[in-house]
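File shown: target.cif. Contents: mmCIF, C-alpha atoms.
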data_model
loop_
_atom_site.label_atom_id
_atom_site.label_comp_id
_atom_site.auth_asym_id
_atom_site.auth_seq_id
_atom_site.Cartn_x
_atom_site.Cartn_y
_atom_site.Cartn_z
CA MET A 1 -125.93 11.14 1.65
CA HIS A 2 -126.30 10.59 5.34
CA ARG A 3 -123.75 8.15 6.65
CA ASN A 4 -125.21 7.26 10.04
CA VAL A 5 -123.65 4.09 11.41
CA SER A 6 -127.10 2.80 12.28
CA ASN A 7 -129.05 3.41 9.09
CA VAL A 8 -129.33 2.07 5.59
CA TRP A 9 -128.42 5.32 3.81
CA TRP A 10 -124.77 4.99 4.79
CA LEU A 11 -124.86 1.34 3.75
CA ALA A 12 -126.16 2.33 0.34
CA ALA A 13 -123.28 4.75 -0.13
CA VAL A 14 -120.74 2.11 0.77
CA LEU A 15 -122.24 -0.51 -1.53
CA GLY A 16 -122.25 1.45 -4.46
CA LEU A 17 -99.08 3.26 1.16
CA ALA A 18 -97.07 4.21 -1.64
CA LEU A 19 -98.42 5.78 -4.77
CA ALA A 20 -99.23 3.07 -7.23
CA ALA A 21 -99.23 3.09 -11.00
CA CYS A 22 -100.87 6.03 -12.79
CA GLY A 23 -103.06 5.69 -15.85
CA SER A 24 -106.21 6.87 -17.55
CA ASP A 25 -109.69 5.40 -17.87
CA SER A 26 -110.20 5.15 -21.59
CA THR A 27 -113.92 5.99 -21.63
CA ALA A 28 -113.53 9.31 -19.84
CA PRO A 29 -115.35 12.11 -21.67
CA SER A 30 -113.56 15.16 -23.00
CA GLY A 31 -114.42 18.78 -23.71
CA ARG A 32 -116.50 19.42 -20.58
CA PRO A 33 -117.03 23.06 -19.57
CA ALA A 34 -114.96 24.52 -16.76
CA ALA A 35 -117.80 24.97 -14.24
CA GLY A 36 -121.30 23.85 -13.34
CA GLN A 37 -120.69 20.11 -13.10
CA ILE A 38 -121.88 17.34 -10.81
CA ALA A 39 -120.01 14.09 -10.19
CA PHE A 40 -122.07 11.06 -9.19
CA THR A 41 -122.02 7.29 -8.93
CA SER A 42 -123.94 5.11 -11.39
CA ASN A 43 -124.26 1.39 -12.08
CA ARG A 44 -125.57 1.92 -15.62
CA ASP A 45 -122.58 -0.02 -16.98
CA GLY A 46 -123.13 -3.04 -14.75
CA GLN A 47 -121.12 -1.89 -11.77
CA ASN A 48 -120.71 1.35 -9.86
CA GLU A 49 -118.61 3.90 -11.76
CA ILE A 50 -117.85 7.61 -11.32
CA TYR A 51 -119.62 9.88 -13.81
CA VAL A 52 -119.59 13.62 -14.38
CA MET A 53 -122.35 15.67 -16.04
CA ASN A 54 -123.12 19.31 -16.58
CA ALA A 55 -125.36 20.84 -13.94
CA ASP A 56 -128.27 20.85 -16.40
CA GLY A 57 -127.94 17.07 -16.85
CA SER A 58 -126.29 17.24 -20.27
CA GLY A 59 -122.93 15.84 -21.27
CA ALA A 60 -122.86 12.91 -18.85
CA GLY A 61 -119.63 10.95 -19.24
CA ARG A 62 -117.96 8.11 -17.41
CA LEU A 63 -114.69 8.91 -15.65
CA THR A 64 -113.85 5.41 -14.46
CA ASN A 65 -114.00 2.17 -16.40
CA ASN A 66 -113.28 -0.90 -14.33
CA PRO A 67 -115.17 -4.16 -13.60
CA ALA A 68 -115.30 -3.26 -9.90
CA ASN A 69 -117.17 -0.72 -7.76
CA ASP A 70 -116.07 2.92 -7.78
CA PHE A 71 -118.03 5.26 -5.49
CA SER A 72 -117.99 8.28 -3.13
CA PRO A 73 -116.58 10.97 -5.47
CA ALA A 74 -115.02 13.99 -3.74
CA TRP A 75 -113.77 17.04 -5.68
CA SER A 76 -110.59 18.85 -4.75
CA LEU A 77 -111.45 22.49 -4.02
CA ASP A 78 -109.63 23.68 -7.15
CA ALA A 79 -111.84 21.25 -9.13
CA ALA A 80 -108.79 19.69 -10.79
CA LYS A 81 -109.12 16.20 -9.30
CA ILE A 82 -111.69 13.78 -7.91
CA ALA A 83 -110.87 11.35 -5.12
CA PHE A 84 -113.02 8.25 -4.86
CA VAL A 85 -113.20 4.80 -3.31
CA SER A 86 -112.74 1.66 -5.39
CA ASP A 87 -112.66 -2.06 -4.59
CA ARG A 88 -110.91 -2.90 -7.87
CA ASP A 89 -107.99 -4.34 -5.89
CA GLY A 90 -110.15 -6.59 -3.74
CA HIS A 91 -111.20 -4.18 -0.99
CA PRO A 92 -111.96 -0.44 -0.77
CA GLU A 93 -108.98 1.84 -1.41
CA ILE A 94 -108.65 5.57 -2.10
CA TYR A 95 -107.97 6.55 -5.72
CA VAL A 96 -107.68 9.89 -7.47
CA ILE A 97 -108.34 10.90 -11.07
CA ASN A 98 -108.08 14.17 -12.95
CA ALA A 99 -111.40 15.83 -13.73
CA ASP A 100 -110.90 15.03 -17.43
CA GLY A 101 -110.47 11.31 -16.72
CA SER A 102 -106.68 11.21 -17.04
CA GLY A 103 -104.07 10.57 -14.36
CA LEU A 104 -105.73 7.71 -12.52
CA ALA A 105 -103.72 6.84 -9.40
CA ARG A 106 -104.15 4.51 -6.45
CA LEU A 107 -103.24 6.35 -3.25
CA THR A 108 -103.68 3.75 -0.52
CA ASN A 109 -102.57 0.15 -0.25
CA SER A 110 -103.90 -1.15 3.03
CA PRO A 111 -105.26 -4.52 4.22
CA GLY A 112 -108.54 -3.06 5.45
CA SER A 113 -111.16 -0.74 3.98
CA ASP A 114 -110.48 2.93 3.26
CA GLY A 115 -113.33 5.41 2.86
CA GLU A 116 -114.70 8.95 3.28
CA PRO A 117 -111.92 10.81 1.41
CA ALA A 118 -111.85 14.51 2.36
CA TRP A 119 -109.57 17.04 0.66
CA SER A 120 -107.76 19.70 2.64
CA PRO A 121 -108.79 23.21 1.50
CA ASP A 122 -105.42 23.80 -0.19
CA GLY A 123 -105.63 20.48 -2.05
CA THR A 124 -102.31 19.18 -0.73
CA LYS A 125 -103.68 16.46 1.60
CA ILE A 126 -106.51 13.94 1.86
CA ALA A 127 -107.95 12.74 5.16
CA PHE A 128 -109.90 9.48 5.26
CA ASP A 129 -111.04 6.77 7.62
CA PHE A 130 -109.56 3.28 7.58
CA HIS A 131 -111.31 0.17 8.87
CA ASP A 132 -109.26 -2.82 10.04
CA GLY A 133 -111.53 -4.08 12.82
CA HIS A 134 -112.21 -0.53 13.97
CA PHE A 135 -112.07 2.85 12.26
CA GLY A 136 -109.20 5.32 12.48
CA ILE A 137 -108.50 8.75 10.94
CA PHE A 138 -105.56 8.95 8.54
CA VAL A 139 -104.09 11.74 6.45
CA MET A 140 -101.76 11.60 3.45
CA ASN A 141 -100.34 13.90 0.84
CA ALA A 142 -102.42 14.24 -2.33
CA ASP A 143 -100.01 11.88 -4.13
CA GLY A 144 -100.39 9.16 -1.48
CA SER A 145 -97.09 9.84 0.29
CA GLY A 146 -96.64 10.85 3.92
CA LEU A 147 -99.33 8.59 5.33
CA ALA A 148 -99.99 9.20 9.04
CA ARG A 149 -102.58 8.08 11.56
CA LEU A 150 -104.04 10.87 13.68
CA ALA A 151 -105.19 10.71 17.32
CA SER A 152 -104.86 6.92 17.50
CA ASN A 153 -107.10 5.07 19.92
CA PRO A 154 -108.31 1.44 20.31
CA THR A 155 -111.93 2.25 19.39
CA ASP A 156 -113.51 4.00 16.40
CA ASP A 157 -112.72 7.43 14.93
CA ARG A 158 -114.70 8.35 11.79
CA ASP A 159 -115.78 10.97 9.27
CA PRO A 160 -112.95 13.55 9.14
CA ALA A 161 -114.01 17.10 8.22
CA TRP A 162 -111.43 19.82 7.54
CA SER A 163 -111.94 23.32 8.89
CA PRO A 164 -112.23 25.91 6.09
CA ASP A 165 -108.74 27.23 6.85
CA GLY A 166 -107.25 23.72 6.86
CA GLY A 167 -105.83 24.07 10.37
CA LYS A 168 -108.12 21.63 12.16
CA ILE A 169 -110.03 18.40 11.59
CA ALA A 170 -113.34 17.58 13.26
CA PHE A 171 -114.40 13.96 13.51
CA MET A 172 -116.62 11.60 15.46
CA SER A 173 -115.10 9.24 18.01
CA PHE A 174 -116.30 6.36 20.17
CA ARG A 175 -113.34 6.60 22.56
CA ASP A 176 -115.62 7.64 25.45
CA GLY A 177 -118.02 4.71 25.02
CA ASN A 178 -120.46 6.74 22.90
CA TRP A 179 -120.12 8.86 19.77
CA GLU A 180 -118.78 12.36 20.42
CA ILE A 181 -117.57 15.17 18.16
CA TYR A 182 -113.84 15.76 18.59
CA LEU A 183 -111.54 18.41 17.21
CA MET A 184 -107.79 18.26 16.62
CA HIS A 185 -105.09 20.16 14.81
CA ALA A 186 -104.39 18.89 11.30
CA ASP A 187 -101.30 17.08 12.62
CA GLY A 188 -103.35 15.18 15.24
CA THR A 189 -102.33 17.26 18.25
CA GLY A 190 -104.56 19.33 20.53
CA LEU A 191 -107.36 16.76 20.81
CA VAL A 192 -110.57 18.19 22.32
CA ASN A 193 -114.02 16.67 22.97
CA LEU A 194 -116.44 19.34 21.72
CA THR A 195 -119.76 17.75 22.66
CA ASN A 196 -119.10 15.76 25.86
CA ASN A 197 -122.61 14.35 26.24
CA PRO A 198 -123.84 10.82 27.08
CA ALA A 199 -126.00 10.81 23.94
CA GLN A 200 -124.77 9.95 20.43
CA ASP A 201 -123.18 12.97 18.69
CA GLU A 202 -122.28 12.27 15.06
CA TRP A 203 -121.33 13.58 11.59
CA PRO A 204 -119.69 17.01 12.04
CA ALA A 205 -120.09 19.70 9.34
CA TRP A 206 -118.21 23.02 9.42
CA SER A 207 -119.89 26.33 8.69
CA PRO A 208 -118.22 28.10 5.74
CA ASP A 209 -116.60 30.70 8.01
CA GLY A 210 -115.22 28.03 10.35
CA SER A 211 -116.92 29.42 13.44
CA ARG A 212 -119.54 26.67 13.98
CA ILE A 213 -119.86 22.92 13.60
CA ALA A 214 -123.26 21.34 13.00
CA PHE A 215 -123.81 17.72 14.00
CA ILE A 216 -126.49 15.09 14.63
CA THR A 217 -127.32 14.16 18.21
CA THR A 218 -129.80 11.92 20.03
CA ARG A 219 -129.69 13.91 23.26
CA ASP A 220 -133.40 14.73 22.88
CA GLY A 221 -134.42 11.13 22.33
CA ASN A 222 -134.35 11.17 18.53
CA PRO A 223 -131.74 12.44 16.06
CA GLU A 224 -131.74 16.25 15.83
CA ILE A 225 -129.38 18.81 14.33
CA TYR A 226 -127.36 20.86 16.80
CA ALA A 227 -124.51 23.33 16.31
CA VAL A 228 -121.55 24.23 18.51
CA ASN A 229 -118.88 26.92 18.34
CA ALA A 230 -115.48 25.67 17.24
CA ASP A 231 -114.19 26.22 20.80
CA GLY A 232 -116.94 23.98 22.26
CA SER A 233 -119.12 26.80 23.58
CA GLY A 234 -122.55 27.89 22.46
CA VAL A 235 -124.24 24.53 21.89
CA THR A 236 -127.62 25.21 20.30
CA ARG A 237 -130.45 23.07 19.01
CA VAL A 238 -131.27 23.77 15.36
CA THR A 239 -134.14 21.35 14.67
CA SER A 240 -137.01 20.29 16.90
CA ASN A 241 -139.23 17.61 15.41
CA PRO A 242 -139.89 13.88 16.03
CA TRP A 243 -138.14 12.85 12.80
CA GLN A 244 -134.92 11.17 11.89
CA TYR A 245 -132.35 13.72 10.73
CA PHE A 246 -129.39 13.01 8.49
CA THR A 247 -126.07 14.73 7.85
CA PRO A 248 -126.34 18.57 7.83
CA VAL A 249 -124.98 20.53 4.84
CA TRP A 250 -124.34 24.28 5.18
CA SER A 251 -125.26 26.69 2.41
CA PRO A 252 -122.24 28.51 0.91
CA ASP A 253 -123.17 31.76 2.70
CA GLY A 254 -123.63 29.96 6.03
CA THR A 255 -127.19 31.18 6.59
CA LYS A 256 -128.99 27.86 6.03
CA ILE A 257 -128.54 24.14 6.59
CA ALA A 258 -129.96 21.53 4.22
CA PHE A 259 -130.60 17.99 5.42
CA SER A 260 -132.66 14.93 4.70
CA GLY A 261 -135.31 14.09 7.25
CA TYR A 262 -137.30 10.90 7.63
CA ASP A 263 -140.91 11.09 8.81
CA GLY A 264 -142.09 7.89 7.14
CA ASN A 265 -140.39 8.88 3.89
CA SER A 266 -137.09 10.64 3.33
CA GLN A 267 -137.35 14.24 2.09
CA ILE A 268 -135.02 17.23 1.74
CA TYR A 269 -135.49 20.09 4.19
CA VAL A 270 -133.76 23.39 4.82
CA VAL A 271 -133.54 25.34 8.06
CA ASP A 272 -132.11 28.73 8.92
CA ALA A 273 -128.82 28.29 10.77
CA ASP A 274 -130.37 29.72 13.95
CA GLY A 275 -133.12 27.07 13.87
CA SER A 276 -135.94 29.21 12.49
CA SER A 277 -137.96 28.79 9.30
CA VAL A 278 -137.75 25.06 8.68
CA SER A 279 -139.03 24.25 5.16
CA ARG A 280 -139.67 20.97 3.40
CA LEU A 281 -138.36 21.27 -0.15
CA THR A 282 -139.25 17.93 -1.78
CA SER A 283 -142.26 15.68 -2.07
CA ILE A 284 -140.86 13.05 -4.40
CA GLY A 285 -139.93 10.57 -1.66
CA GLY A 286 -136.73 8.68 -0.99
CA ALA A 287 -134.78 11.95 -1.20
CA SER A 288 -131.32 12.18 0.37
CA SER A 289 -127.77 13.50 -0.12
CA PRO A 290 -128.44 17.23 -0.64
CA VAL A 291 -125.53 19.26 -2.05
CA TRP A 292 -125.54 23.02 -2.66
CA SER A 293 -124.36 24.64 -5.87
CA PRO A 294 -121.30 26.87 -5.30
CA ASP A 295 -123.45 30.02 -5.51
CA GLY A 296 -126.13 28.61 -3.19
CA SER A 297 -128.93 29.04 -5.71
CA LYS A 298 -129.64 25.33 -6.30
CA ILE A 299 -129.54 21.98 -4.52
CA ALA A 300 -128.80 18.63 -6.12
CA PHE A 301 -129.96 15.47 -4.37
CA ALA A 302 -130.55 11.75 -4.88
CA SER A 303 -133.97 10.10 -4.87
CA ASN A 304 -135.50 6.71 -5.61
CA GLY A 305 -138.98 8.23 -5.81
CA ASP A 306 -139.29 7.16 -9.45
CA GLY A 307 -138.54 3.53 -8.60
CA ASN A 308 -134.78 3.68 -9.06
CA GLY A 309 -132.00 5.96 -7.91
CA GLU A 310 -131.69 9.24 -9.80
CA VAL A 311 -129.91 12.56 -9.31
CA TYR A 312 -132.28 15.54 -9.17
CA LEU A 313 -131.86 19.30 -9.16
CA MET A 314 -134.04 22.04 -7.68
CA ASN A 315 -133.87 25.69 -6.83
CA ALA A 316 -132.84 26.46 -3.25
CA ASP A 317 -136.49 27.20 -2.38
CA GLY A 318 -137.61 23.76 -3.64
CA SER A 319 -139.08 24.93 -6.92
CA GLY A 320 -138.09 23.70 -10.38
CA VAL A 321 -137.42 20.06 -9.45
CA ARG A 322 -136.05 18.08 -12.38
CA ASN A 323 -134.52 14.66 -12.95
CA LEU A 324 -130.96 15.16 -14.22
CA THR A 325 -129.95 11.55 -14.85
CA ASN A 326 -133.20 9.90 -16.00
CA ASN A 327 -131.68 6.46 -16.44
CA PRO A 328 -133.07 3.00 -15.57
CA ALA A 329 -129.89 2.26 -13.61
CA SER A 330 -129.14 3.52 -10.12
CA ASP A 331 -127.56 7.00 -9.93
CA PHE A 332 -126.62 8.42 -6.53
CA SER A 333 -124.05 10.31 -4.40
CA PRO A 334 -124.03 13.68 -6.22
CA ALA A 335 -120.99 15.90 -5.60
CA TRP A 336 -121.06 19.44 -6.99
CA ARG A 337 -117.91 20.83 -8.60
CA PRO A 338 -116.65 23.53 -6.21
CA ARG A 339 -115.95 26.18 -8.88
#
Let me see the file written as structure tokens.
Amino acid sequence: MHRNVSNVWWLAAVLGLALAACGSDSTAPSGRPAAGQIAFTSNRDGQNEIYVMNADGSGAGRLTNNPANDFSPAWSLDAAKIAFVSDRDGHPEIYVINADGSGLARLTNSPGSDGEPAWSPDGTKIAFDFHDGHFGIFVMNADGSGLARLASNPTDDRDPAWSPDGGKIAFMSFRDGNWEIYLMHADGTGLVNLTNNPAQDEWPAWSPDGSRIAFITTRDGNPEIYAVNADGSGVTRVTSNPWQYFTPVWSPDGTKIAFSGYDGNSQIYVVDADGSSVSRLTSIGGASSPVWSPDGSKIAFASNGDGNGEVYLMNADGSGVRNLTNNPASDFSPAWRPR
């Protein structure tokens, strides 16, 4: 789901420091297969909860069971755990749960709002942003210990994204009076402004090989997708259309970028990484939050085209669209199991 500060899609995602007590959510399903799963958020039980289903839509089961809002599931890369955000303690905090529903643990205990959990590639750390009047980037060990704030500044830093090798973190910062894409070492040192443009540059996304970072920018008057080398060179424009573009998502082989674009209605598009061959994949309307399957053959996404939020699946060329959740409640924020 696109998380642009200025648009309703990010707001929808949100609505949905010692380690605290561990437990288990009693309604968590059991016996799920080892691969081909999608986590998502659903309010079918009266409030937002984290669910997991097989990639064909079968076997949907609730991982969390709390009279609060649980949202923004994020898989660890070994697929053993899911981090998520919950307001069960009065305001948004980062929690983690095993993929089988056991081992529930609260990781943060802060007076503000914690969000956007992002696992390091080796699964040992979680970066997130914390809001206490303005946003900052924090990192902690996967058990909640070792909390540290990175690249502190008196304005906003948001949306941490780990490099594939885990050595660096890209993020967006307002420290220059406008949003820019910054890069730092995973310990917060070596801070560099990658974009350095008076326009708004937002929502960094690493290519799978770590050589490029795609981002959204308004430097052409409306939001477009650009890409830049990880050393700040080679800035290129990927899209060129008078639409609104939302967070780019690289295909696993790095040859394509999926995104949701708004031209009066939100749809899923895909573009070659060099900017050629833009294709519209959906026609259902209200489509957002594209996520690639690990093998790149399929794309899951969210849509309210049927009158309520559902999670859909299609082939990577846009064929074979099917509703996976098919529930009168609101289902959104799909996250594909990495392996």
Inset, instruction - Output the residue selection produced by the PyMOL selection byres ((chain A and resi 260) around 9) on the file above, formatted as a count of residues only. - result: 20
Legend entry - Atomic separation - atom CA of Phe171 of chain A relative to atom CA of Ile137 of chain A, Å: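 The value is 8.3 Å.
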Report the centre and edge lengths, in Å to one decimal, of an axis-aligned box enclosing every atom of segment 132-148 of chain A listed in the file, padded by 5 Å on each side, as JSON.
{"center_x": -104.4, "center_y": 5.1, "center_z": 4.9, "size_x": 25.6, "size_y": 28.3, "size_z": 28.1}
Inset, instruction - Fewer than 3 positions away in the same chain doesn't count, so skip those; otherwise give me all residues within 7 Å of Phe215 of chain A, counting all atoms listed in the file, as a PyMOL selection string. - result: chain A and resi 201-205+225-227+248
Using only C-alpha atoms, please write the residues we just selected to a file, as a PDB file, keeping the file's coordinate frame.
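Result saved to out26.pdb:
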ATOM      1  CA  ASP A 201    -123.180  12.970  18.690  1.00  0.00           C
ATOM      2  CA  GLU A 202    -122.280  12.270  15.060  1.00  0.00           C
ATOM      3  CA  TRP A 203    -121.330  13.580  11.590  1.00  0.00           C
ATOM      4  CA  PRO A 204    -119.690  17.010  12.040  1.00  0.00           C
ATOM      5  CA  ALA A 205    -120.090  19.700   9.340  1.00  0.00           C
ATOM      6  CA  ILE A 225    -129.380  18.810  14.330  1.00  0.00           C
ATOM      7  CA  TYR A 226    -127.360  20.860  16.800  1.00  0.00           C
ATOM      8  CA  ALA A 227    -124.510  23.330  16.310  1.00  0.00           C
ATOM      9  CA  PRO A 248    -126.340  18.570   7.830  1.00  0.00           C
TER      10      PRO A 248
END
Inset, instruction - Given the file shown, enumerate the residues that the PyMOL selection byres ((chain A and resi 323) around 12) captures and present them as an NGL selection string. - result: :A and (55-58 or 284 or 300-306 or 308-314 or 320-322 or 324-327 or 331-332)
If the PyMOL selection byres ((chain A and resi 145-161) around 9) were run on this exact file, what residues would it hold? Put them as a CSV table (one decimal) with C-alpha atoms, keeping the file's coordinate frame.
chain,number,residue,atom,x,y,z
A,3,ARG,CA,-123.8,8.2,6.6
A,17,LEU,CA,-99.1,3.3,1.2
A,18,ALA,CA,-97.1,4.2,-1.6
A,19,LEU,CA,-98.4,5.8,-4.8
A,107,LEU,CA,-103.2,6.4,-3.2
A,108,THR,CA,-103.7,3.8,-0.5
A,115,GLY,CA,-113.3,5.4,2.9
A,116,GLU,CA,-114.7,9.0,3.3
A,117,PRO,CA,-111.9,10.8,1.4
A,118,ALA,CA,-111.8,14.5,2.4
A,119,TRP,CA,-109.6,17.0,0.7
A,120,SER,CA,-107.8,19.7,2.6
A,127,ALA,CA,-108.0,12.7,5.2
A,128,PHE,CA,-109.9,9.5,5.3
A,129,ASP,CA,-111.0,6.8,7.6
A,130,PHE,CA,-109.6,3.3,7.6
A,131,HIS,CA,-111.3,0.2,8.9
A,134,HIS,CA,-112.2,-0.5,14.0
A,135,PHE,CA,-112.1,2.8,12.3
A,136,GLY,CA,-109.2,5.3,12.5
A,137,ILE,CA,-108.5,8.8,10.9
A,138,PHE,CA,-105.6,9.0,8.5
A,139,VAL,CA,-104.1,11.7,6.4
A,140,MET,CA,-101.8,11.6,3.4
A,141,ASN,CA,-100.3,13.9,0.8
A,142,ALA,CA,-102.4,14.2,-2.3
A,143,ASP,CA,-100.0,11.9,-4.1
A,144,GLY,CA,-100.4,9.2,-1.5
A,162,TRP,CA,-111.4,19.8,7.5
A,163,SER,CA,-111.9,23.3,8.9
A,168,LYS,CA,-108.1,21.6,12.2
A,169,ILE,CA,-110.0,18.4,11.6
A,170,ALA,CA,-113.3,17.6,13.3
A,171,PHE,CA,-114.4,14.0,13.5
A,172,MET,CA,-116.6,11.6,15.5
A,173,SER,CA,-115.1,9.2,18.0
A,174,PHE,CA,-116.3,6.4,20.2
A,175,ARG,CA,-113.3,6.6,22.6
A,176,ASP,CA,-115.6,7.6,25.4
A,177,GLY,CA,-118.0,4.7,25.0
A,179,TRP,CA,-120.1,8.9,19.8
A,184,MET,CA,-107.8,18.3,16.6
A,186,ALA,CA,-104.4,18.9,11.3
A,187,ASP,CA,-101.3,17.1,12.6
A,188,GLY,CA,-103.4,15.2,15.2
A,189,THR,CA,-102.3,17.3,18.2
A,191,LEU,CA,-107.4,16.8,20.8
A,202,GLU,CA,-122.3,12.3,15.1
A,203,TRP,CA,-121.3,13.6,11.6
A,204,PRO,CA,-119.7,17.0,12.0
A,205,ALA,CA,-120.1,19.7,9.3
A,206,TRP,CA,-118.2,23.0,9.4
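Residues with any atom within 8 Å of Asn196 of chain A, counting all atoms listed in the file and excluding same-chain neighbours fewer than 2 positions away, are Glu180, Ile181, Asn193, Leu194 and Pro198 of chain A.
Here atom CA of Ala335 of chain A stands at a distance of 11.1 Å from atom CA of Phe84 of chain A.
Here atom CA of Gly46 of chain A and atom CA of Ala60 of chain A stand 16.5 Å from one another.
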Legend entry - All residues 10 Å or closer to Pro294 of chain A, all atoms listed in the file, same chain fewer than 4 positions away omitted, as a list in words: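 Once the nearby chain positions are removed, what remains is Ala35, Gly36, Ser251, Pro252, Asp253, Lys298, Ile299, Trp336, Arg337, Pro338 and Arg339 of chain A.
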Write the residues you've just listed into a file as a compact mmCIF listing (two decimals), keeping the file's coordinate frame, and include C-alpha atoms for each of them.
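The resulting file, out33.txt, is reproduced below:
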# COMPACT_ATOMS: atom_id res chain seq x y z
CA ALA A 35 -117.80 24.97 -14.24
CA GLY A 36 -121.30 23.85 -13.34
CA SER A 251 -125.26 26.69 2.41
CA PRO A 252 -122.24 28.51 0.91
CA ASP A 253 -123.17 31.76 2.70
CA LYS A 298 -129.64 25.33 -6.30
CA ILE A 299 -129.54 21.98 -4.52
CA TRP A 336 -121.06 19.44 -6.99
CA ARG A 337 -117.91 20.83 -8.60
CA PRO A 338 -116.65 23.53 -6.21
CA ARG A 339 -115.95 26.18 -8.88
Inset, instruction - Write out as a PyMOL selection string which residues come within 10 Å of Val238 of chain A when counting only C-alpha atoms, dropping same-chain ones fewer than 2 positions away. - result: chain A and resi 214-216+224-227+235-236+240+257+271-276+278
Hey, can you spit out that residue selection with C-alpha atoms as a PDB file, in the frame of the given file?
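As written to disk, selection07.pdb reads:
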ATOM      1  CA  ALA A 214    -123.260  21.340  13.000  1.00  0.00           C
ATOM      2  CA  PHE A 215    -123.810  17.720  14.000  1.00  0.00           C
ATOM      3  CA  ILE A 216    -126.490  15.090  14.630  1.00  0.00           C
ATOM      4  CA  GLU A 224    -131.740  16.250  15.830  1.00  0.00           C
ATOM      5  CA  ILE A 225    -129.380  18.810  14.330  1.00  0.00           C
ATOM      6  CA  TYR A 226    -127.360  20.860  16.800  1.00  0.00           C
ATOM      7  CA  ALA A 227    -124.510  23.330  16.310  1.00  0.00           C
ATOM      8  CA  VAL A 235    -124.240  24.530  21.890  1.00  0.00           C
ATOM      9  CA  THR A 236    -127.620  25.210  20.300  1.00  0.00           C
ATOM     10  CA  SER A 240    -137.010  20.290  16.900  1.00  0.00           C
ATOM     11  CA  ILE A 257    -128.540  24.140   6.590  1.00  0.00           C
ATOM     12  CA  VAL A 271    -133.540  25.340   8.060  1.00  0.00           C
ATOM     13  CA  ASP A 272    -132.110  28.730   8.920  1.00  0.00           C
ATOM     14  CA  ALA A 273    -128.820  28.290  10.770  1.00  0.00           C
ATOM     15  CA  ASP A 274    -130.370  29.720  13.950  1.00  0.00           C
ATOM     16  CA  GLY A 275    -133.120  27.070  13.870  1.00  0.00           C
ATOM     17  CA  SER A 276    -135.940  29.210  12.490  1.00  0.00           C
ATOM     18  CA  VAL A 278    -137.750  25.060   8.680  1.00  0.00           C
TER      19      VAL A 278
END
Legend entry - Selected residue, from A:Gly61, A:Pro208, A:Gly221, A:Gly264, that lies nearest to Val249 of chain A when counting only C-alpha atoms: A:Pro208
Inset, instruction - Excluding Ala83 of chain A and residues on its chain fewer than 4 positions from it, collect all residues at most 10 Å away from it, counting only C-alpha atoms, and give them as a ChimeraX atom specification. - result: /A:71-76,94-99,104-107,116-119,126,142
Legend entry - Among listed residues A:Asp165, A:Ser279, A:Asp122, A:Ser293, nearest Asn315 of chain A (using only C-alpha atoms): A:Ser293
